[in-house]
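Written out below as structure tokens is the structure these notes cover.
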Amino acid sequence: MAILNKIRQRSMVLIIVIAMALFSFILTDLFKNSSMFGSGPATVVGEINGISISQVDFAQQVENRQRQMGPNSSSVQVMNAIWDQELRAAIFESTAEALDMLVGRKQLIDLIEQSLGGYEEFLDEDGFFSENKLNGFIANLKQISPEFSFLGGSPIDYKAWTQFERNLSQGALQTTYFNLVASGLFATLNEGMLAHQMENESANIKFVQIPFSSIADSLVEPTNADVKDFINKHEKEYTVDASRGLQFVVFEETPSQADEDQVKANLSGLLENRVVFNEITQTQDTLAGFKNTKDIAGFLSANSAFGYNDQFLAKSELPLNLVDSIYNLDKNEIYGPYKQDNYYIATKLIDITQKPDSVKVRHILIPFVGGQRADASVTKTDAEAKSTADSILRVVKNNRSKFIDLLSLSSDVVSNEKEGVIDWFAYNAGMAQEFKDFSFDNSKGTIDVVRTDFGYHIIEILDQIGSQKLIKLANLALPIEPSEATIDEVFNATSKFEIAIENQDFNQVARDNSYNVRPVSGLRLLDENIPGFGAQRSVVKWAFEKDVKVGSVRRFNLTTGGYLIAQITEITDEGLMPLDKAIVRARGQILKNKKAELIRKRVKATTVESLASAEGQVVKTANDIRQNNPTLSGVGREPKIVGAAFALNDGETSGLLQGENGLYLLEMVKKTAAPALESYLSYAARLRQARIGNVNTAAFNALKANADIEDNRSDFY
């Protein structure tokens with residue numbers, strides 16, 4: 001009782017303590033999960049010129065695009081494509097806003113008519129585009145949202161429609177902007193005259209080249225001060241994004257030879273009958289093997305990596321390396337076990353038949369609602385479509401000439417243009433199976449109704465030619481996979497390596513164990529692939545985490561089985577390239593500059609003849625050189641030297657000039673001026689067209705370079 005009284009007396013203290021604890025918990029969570037004290041909200045994947053890109057909407061677009069593109073595209077590839085799309089849209093949206101550009105409702109309707117004007121949903125009774133029909137369609141989509149309706153046979157909801165309108169508007173704004181920029185582009189007659197001059201003015205020169213190769217690199221090896229001075233003078237060329245270098249060792253869970261042998265033995269065991277103990281009946285039961293089973297589909301479903309394909313195959317459909325072994329098997333004969341790709345397989349020939357080489361038919365297709373490729377105009381149910389098809393069949397059976405008259409009822413537009421005929425096709429052509437079976441299993445002249453996923457077909461077999469042997473196969477397949485023992489061995493080897501490199505050199509431990517160390521440099525923040533090893537986004541993300549430093553190590557699980565152990569070897573921050581990297585790129589030009597200084601210090605000659613004599617070189621000639629093709633015969637491309645030559649008058653000698661391949665002294669022998677034209681309008685027009693042709697890319701790149709872009713993609717992907 002005394003304790004309870006003390007608690008009551010101090011209840012306010014307890015309440016304050018509990019409140020402070022809860023407040024502390026909330027604050028901790030706030031600082032951890034919210035970026036109100038950071039660079040931007042956690043729900044924003046990026047911001048361009050003040051326009052935010054919602055992470056939720058962005059992720060939905062990525063998901064939708066990836067679904068459209070299928071399994072051959074990765075989420076990072078799709079994410080980058082969506083980012084480029086949103087970046088472009090935001091840049092033009094902000095640009096249009098700054099210029100008071102907009103797409104009005106009337107212009108948008110015109111754009112919709114251009115894009116979808118032929119869709120039946122928007123046509124009036126006379127077959128013309130109707131704005132009222134369009135507005136009604138949009139209003140209905142909005143009313144039933146988030147449910148979807150159909151447009152041209154494809155599902156569409158209100159959100160997708162508004163995105164479609166947004167895309168149309170953005171496309172129109174971009175076109176308008178580019179047209180405005182293009183309309184302001186021009187080339188003057190003076191520019192046209194200069195273009196004509198560069199193309200047609202020619203010169204003959206004498207020159208002496210002192211090649212850079214005449215001085216050994218070792219005499220002018222650049223110092224750190226040289227490199228630093230050079231990159232500071234060329235800052236733009238040597239500014240780099242943040243990057244990481246790493247090295248890694250892979251421990252793959254690959255099947256051993258013992259694992260392969262066991263899989264082969266297991267498959268061989270499935271060929272024969274097996275005696276197993278039945279726990280329920282407490283008796284020994286005999287299970288039929290692959291050789292003797294009567295339920296081939298059930299056996300493969302229970303025991304094989306491949307299901308049963310109950311289709312006849314032509315010889316041309318068999319793998320080339322197996323044709324001779326399989327095609328001539330007898331019925332119920334088995335070939336195998338054999339190794340194919342990453343499986344051991346036994347192939348059993350189930351059945352043999354003869355079918356025509358190819359068939360010619362004609363058909364009328366009556367579709368039903370929900371059928372494959374059925375558009376929005378289809379209203380018949382399955383039963384109604386069958387009833388219509390049966391009625392047509394009765395008519396054409398009595399009078400085959402009526403077939404063509406009834407083609408107006410068929411939805412197969414392609415064959416309708418050929419009187420319903422589908423010309424010669426082989427058994428393995430990409431036709432619906434039911435259609436194919438009817439065409440090849442019945443004789444010439446047979447006519448009947450056949451149902452497929454597309455609808456009901458009234459098919460008449462017009463002709464059949466040839467005959468070929470077709471076979472039906474069953475494949476019992478077991479994947480060649482690492483055993484538990486192999487997986488354990490890989491895990492143990494990985495763990496031992498990981499422990500060893502805590503106190504020893506990564507490369508030395510790898511060498512001691514004959515492991516292959518793979519180095520990687522220049523990884524960027526949003527890279528997905530590791531060169532030579534494919535998609536490893538988790539490794540790249542880790543390499544850019546804040547607490548990671550040179551020497552950091554981490555183990556990663558591979559989706560294909562096994563592990564990757566990576567170590568950071570290099571961290572390059574955004575900004576000027578580090579000296580040790582810059583020297584690799586800049587060394588060549590620095591060497592040229594230092595060699596040029598040495599050459600200038602020793603050269604006293606002022607004529608090509610005296611320079612050639614002093615330097616042990618020869619006087620060379622270059623005839624008919626032109627500024628639009630700045631090449632010196634025997635030397636190569638030298639734009640600065642050729643340009644300088646045209647500044648000389650006949651008989652005049654240049655100073656010592658530095659080019660790409662050495663230092664040069666020039667003497668103008670003869671310069672022939674370009675013939676004067678009455679007008680340079682054609683040259684000016686050509687220049688203008690070239691500029692207009694590049695306007696889309698150049699204008700967008702200029703807008704992008706000046707945009708305020710905050711990219712948070714790496715926080716989410």
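Going through the structure tokens in order, the chains are called A, B, and so on, while each chain numbers its residues from 1 and the ligands are numbered from 1 in the order shown.
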
Contacts of Asn204 in chain A at 12 Å or less, counting only C-alpha atoms, minus same-chain residues fewer than 3 places along, as a list in words?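 Here the answer would be Glu201, Phe207, Lys620, Thr621, Ala622, Asn623, Asp624, Ile625, Arg626, Leu632, Ser633, Val642, Ala645, Phe646, Leu648, Asn649, Asp650, Gly651, Leu666, Glu667, Met668, Val669, Lys670, Lys671, Thr672 and Ala673 of chain A.
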
Quick one: write out the picked residues with N, CA and C atoms as an mmCIF file, in the first residue's frame?
data_model
loop_
_atom_site.group_PDB
_atom_site.id
_atom_site.type_symbol
_atom_site.label_atom_id
_atom_site.label_comp_id
_atom_site.auth_asym_id
_atom_site.auth_seq_id
_atom_site.Cartn_x
_atom_site.Cartn_y
_atom_site.Cartn_z
ATOM 1 N N GLU A 201 39.677 27.735 -101.705
ATOM 2 C CA GLU A 201 40.997 28.357 -101.704
ATOM 3 C C GLU A 201 42.046 27.265 -101.491
ATOM 4 N N PHE A 207 57.701 23.060 -96.161
ATOM 5 C CA PHE A 207 57.753 23.088 -94.702
ATOM 6 C C PHE A 207 58.821 22.130 -94.189
ATOM 7 N N LYS A 620 60.008 19.508 -97.018
ATOM 8 C CA LYS A 620 58.903 18.786 -97.650
ATOM 9 C C LYS A 620 57.980 19.775 -98.339
ATOM 10 N N THR A 621 57.195 19.266 -99.276
ATOM 11 C CA THR A 621 56.200 20.100 -99.960
ATOM 12 C C THR A 621 54.813 19.522 -99.748
ATOM 13 N N ALA A 622 53.841 20.394 -99.735
ATOM 14 C CA ALA A 622 52.432 19.983 -99.663
ATOM 15 C C ALA A 622 51.673 20.861 -100.647
ATOM 16 N N ASN A 623 51.093 20.241 -101.654
ATOM 17 C CA ASN A 623 50.400 20.991 -102.704
ATOM 18 C C ASN A 623 48.885 20.830 -102.588
ATOM 19 N N ASP A 624 48.202 21.860 -103.001
ATOM 20 C CA ASP A 624 46.738 21.869 -103.058
ATOM 21 C C ASP A 624 46.111 21.570 -101.685
ATOM 22 N N ILE A 625 46.680 22.159 -100.635
ATOM 23 C CA ILE A 625 46.059 21.981 -99.318
ATOM 24 C C ILE A 625 44.868 22.927 -99.197
ATOM 25 N N ARG A 626 43.874 22.506 -98.424
ATOM 26 C CA ARG A 626 42.651 23.307 -98.249
ATOM 27 C C ARG A 626 42.256 23.307 -96.776
ATOM 28 N N LEU A 632 48.369 17.351 -93.979
ATOM 29 C CA LEU A 632 49.644 17.494 -94.682
ATOM 30 C C LEU A 632 50.110 16.120 -95.123
ATOM 31 N N SER A 633 50.405 15.977 -96.413
ATOM 32 C CA SER A 633 50.837 14.684 -96.927
ATOM 33 C C SER A 633 52.114 14.235 -96.237
ATOM 34 N N VAL A 642 47.801 23.960 -90.961
ATOM 35 C CA VAL A 642 47.173 24.306 -92.247
ATOM 36 C C VAL A 642 46.487 25.659 -92.142
ATOM 37 N N ALA A 645 49.021 28.400 -92.353
ATOM 38 C CA ALA A 645 49.599 28.544 -93.692
ATOM 39 C C ALA A 645 48.812 29.550 -94.526
ATOM 40 N N PHE A 646 47.474 29.520 -94.394
ATOM 41 C CA PHE A 646 46.651 30.401 -95.226
ATOM 42 C C PHE A 646 46.711 31.853 -94.768
ATOM 43 N N LEU A 648 49.611 33.287 -94.562
ATOM 44 C CA LEU A 648 50.848 33.763 -95.196
ATOM 45 C C LEU A 648 50.585 34.240 -96.626
ATOM 46 N N ASN A 649 51.384 35.177 -97.056
ATOM 47 C CA ASN A 649 51.365 35.604 -98.455
ATOM 48 C C ASN A 649 52.429 34.832 -99.225
ATOM 49 N N ASP A 650 52.351 34.870 -100.555
ATOM 50 C CA ASP A 650 53.331 34.157 -101.387
ATOM 51 C C ASP A 650 54.749 34.594 -101.016
ATOM 52 N N GLY A 651 55.639 33.598 -100.794
ATOM 53 C CA GLY A 651 57.037 33.864 -100.479
ATOM 54 C C GLY A 651 57.291 34.161 -99.015
ATOM 55 N N LEU A 666 56.998 27.061 -91.961
ATOM 56 C CA LEU A 666 56.316 27.023 -93.259
ATOM 57 C C LEU A 666 56.809 28.151 -94.164
ATOM 58 N N GLU A 667 56.767 27.866 -95.468
ATOM 59 C CA GLU A 667 56.999 28.908 -96.474
ATOM 60 C C GLU A 667 55.909 28.782 -97.531
ATOM 61 N N MET A 668 55.198 29.889 -97.748
ATOM 62 C CA MET A 668 54.136 29.872 -98.751
ATOM 63 C C MET A 668 54.756 29.980 -100.138
ATOM 64 N N VAL A 669 54.506 28.957 -100.969
ATOM 65 C CA VAL A 669 55.001 28.966 -102.351
ATOM 66 C C VAL A 669 54.010 29.707 -103.232
ATOM 67 N N LYS A 670 52.753 29.258 -103.178
ATOM 68 C CA LYS A 670 51.735 29.925 -103.997
ATOM 69 C C LYS A 670 50.361 29.688 -103.380
ATOM 70 N N LYS A 671 49.615 30.754 -103.223
ATOM 71 C CA LYS A 671 48.246 30.654 -102.701
ATOM 72 C C LYS A 671 47.286 31.054 -103.808
ATOM 73 N N THR A 672 46.311 30.191 -104.076
ATOM 74 C CA THR A 672 45.330 30.450 -105.141
ATOM 75 C C THR A 672 43.991 30.765 -104.496
ATOM 76 N N ALA A 673 43.513 31.963 -104.705
ATOM 77 C CA ALA A 673 42.259 32.393 -104.088
ATOM 78 C C ALA A 673 41.079 31.639 -104.686
#

Quick one: residues within 10 Å of Val396 in chain A, only C-alpha atoms counted, chain neighbours fewer than 2 positions away excluded, as a list of chain:residue names?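 Using only C-alpha atoms, the neighbours found are A:Ser391, A:Ile392, A:Leu393, A:Arg394, A:Asn398, A:Asn399, A:Arg400, A:Ser401, A:Lys402, A:Phe403, A:Ile404, A:Asp405, A:Leu406, A:Ile447, A:Asp448, A:Ile458, A:Glu460.
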
Of the candidates A:Ala707, A:Val449, A:Leu173, A:Leu185, which one gets nearest to Ile366 in chain A if we count only C-alpha atoms?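 Among the listed residues, A:Val449 lies closest to Ile366 in chain A.
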
So, with only C-alpha atoms as the atoms that count, which of A:Lys604, A:Arg166, A:Lys206, A:His196 lies closest to Leu102 in chain A? A:Arg166

At a cut-off of 9 Å, using only C-alpha atoms, what residues contact Gln354 in chain A? Leave out same-chain residues fewer than 6 positions from it and give the result as a list in words.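 Everything that qualifies: Ser467, Gln468, Lys469, Leu470 and Ile471 of chain A.
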
Where does DSSP see alpha helix (DSSP H) in range 327-528 of chain A, if you list the residues as a VMD selection string? chain A and resid 382 to 398 402 to 405 413 to 416 433 to 441 484 to 500 506 to 512

Take the residues from that selection and put them in a file with C-alpha atoms, as a short mmCIF file (atom, residue, chain, number, x, y, z; two decimals), in the first residue's frame.
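Just written: result.cif:
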data_model
loop_
_atom_site.label_atom_id
_atom_site.label_comp_id
_atom_site.auth_asym_id
_atom_site.auth_seq_id
_atom_site.Cartn_x
_atom_site.Cartn_y
_atom_site.Cartn_z
CA ASP A 382 -18.74 -17.29 -77.08
CA ALA A 383 -22.10 -19.03 -77.56
CA GLU A 384 -23.35 -16.38 -80.00
CA ALA A 385 -20.15 -16.57 -82.05
CA LYS A 386 -20.48 -20.38 -82.26
CA SER A 387 -24.10 -20.11 -83.33
CA THR A 388 -23.12 -17.65 -86.10
CA ALA A 389 -20.27 -19.92 -87.21
CA ASP A 390 -22.58 -22.97 -87.32
CA SER A 391 -25.07 -21.04 -89.45
CA ILE A 392 -22.33 -20.02 -91.89
CA LEU A 393 -21.10 -23.63 -92.05
CA ARG A 394 -24.57 -24.89 -93.04
CA VAL A 395 -24.74 -22.34 -95.86
CA VAL A 396 -21.27 -22.98 -97.32
CA LYS A 397 -21.58 -26.75 -96.99
CA ASN A 398 -24.60 -26.59 -99.27
CA LYS A 402 -21.21 -18.63 -100.93
CA PHE A 403 -17.91 -18.68 -98.97
CA ILE A 404 -16.61 -15.49 -100.59
CA ASP A 405 -19.97 -13.72 -100.21
CA VAL A 413 -8.67 -8.51 -92.44
CA VAL A 414 -5.46 -9.95 -93.94
CA SER A 415 -6.92 -13.16 -95.34
CA ASN A 416 -10.13 -11.38 -96.38
CA GLN A 433 -2.83 -25.45 -82.51
CA GLU A 434 -6.51 -26.31 -83.10
CA PHE A 435 -6.39 -24.58 -86.50
CA LYS A 436 -3.23 -26.45 -87.42
CA ASP A 437 -4.51 -29.84 -86.23
CA PHE A 438 -7.68 -29.55 -88.29
CA SER A 439 -5.80 -28.46 -91.41
CA PHE A 440 -3.24 -31.29 -91.28
CA ASP A 441 -5.35 -34.12 -89.80
CA GLU A 484 24.82 -29.75 -50.57
CA ALA A 485 28.40 -30.89 -50.02
CA THR A 486 29.64 -28.62 -52.84
CA ILE A 487 27.61 -25.68 -51.52
CA ASP A 488 29.10 -26.23 -48.06
CA GLU A 489 32.61 -26.35 -49.51
CA VAL A 490 32.07 -23.03 -51.31
CA PHE A 491 30.69 -21.44 -48.13
CA ASN A 492 33.66 -22.66 -46.07
CA ALA A 493 36.20 -21.46 -48.67
CA THR A 494 34.49 -18.04 -48.77
CA SER A 495 34.48 -17.75 -44.99
CA LYS A 496 38.15 -18.72 -44.70
CA PHE A 497 39.12 -16.12 -47.30
CA GLU A 498 37.00 -13.46 -45.60
CA ILE A 499 38.64 -14.17 -42.22
CA ALA A 500 42.16 -14.28 -43.67
CA PHE A 506 43.77 -9.26 -50.13
CA ASN A 507 45.88 -10.06 -53.17
CA GLN A 508 48.40 -12.18 -51.29
CA VAL A 509 45.71 -14.38 -49.75
CA ALA A 510 44.12 -14.76 -53.19
CA ARG A 511 47.45 -15.76 -54.74
CA ASP A 512 48.16 -18.25 -51.95
#

Could you name the residues that touch Gln107 in chain A at 12 Å or less, counting only C-alpha atoms, but leaving out those on the same chain fewer than 5 positions away, as a list in words? Leu102, Ile112, Glu113, Gln114, Glu165, Leu168, Ser169, Ala172 and Leu173 of chain A

Let me see the file: selected residues, C-alpha atoms, as a compact mmCIF listing (two decimals), in the first residue's frame.
# COMPACT_ATOMS: atom_id res chain seq x y z
CA LEU A 102 1.23 26.56 -73.24
CA ILE A 112 -5.66 13.83 -79.96
CA GLU A 113 -7.51 13.77 -83.28
CA GLN A 114 -4.20 13.44 -85.15
CA GLU A 165 -2.49 13.92 -72.70
CA LEU A 168 1.03 14.97 -76.20
CA SER A 169 1.27 18.42 -74.61
CA ALA A 172 3.86 19.87 -78.78
CA LEU A 173 5.73 22.28 -76.47

Which of these residues is nearest to Lys236 in chain A, using only C-alpha atoms: A:Ile350, A:Gly575, A:Ala89, A:Val220?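 For Lys236 in chain A, the nearest of the given residues is A:Gly575.
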
Gap from CA of Asn200 in chain A to CA of Ala690 in chain A - Å, one decimal: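 Computing it gives 19.2 Å between the two atoms.
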
Close residues, Lys264 in chain A itself excluded, 9 Å, only C-alpha atoms, min 5 positions apart in chain, as a list in words: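 Selected residues are Asp259, Gly269, Pro337, Tyr338, Lys339, Tyr344, Ile345, Leu478 and Ile480 of chain A.
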
Could you pull out the strand (DSSP E or B) residues of range 516-671 of chain A from DSSP and send them as a ChimeraX atom specification? /A:518-524,529-530,534-535,553-557,562-572,575-576,620-626,629,631-632,636-637,653,657-658,662-671

Non-local contacts of Thr188 in chain A (9 Å; only C-alpha atoms; under 4 positions in same chain excluded) as a list in words: Gly192, Met193, Leu681, Ala684, Ala685 and Arg688 of chain A
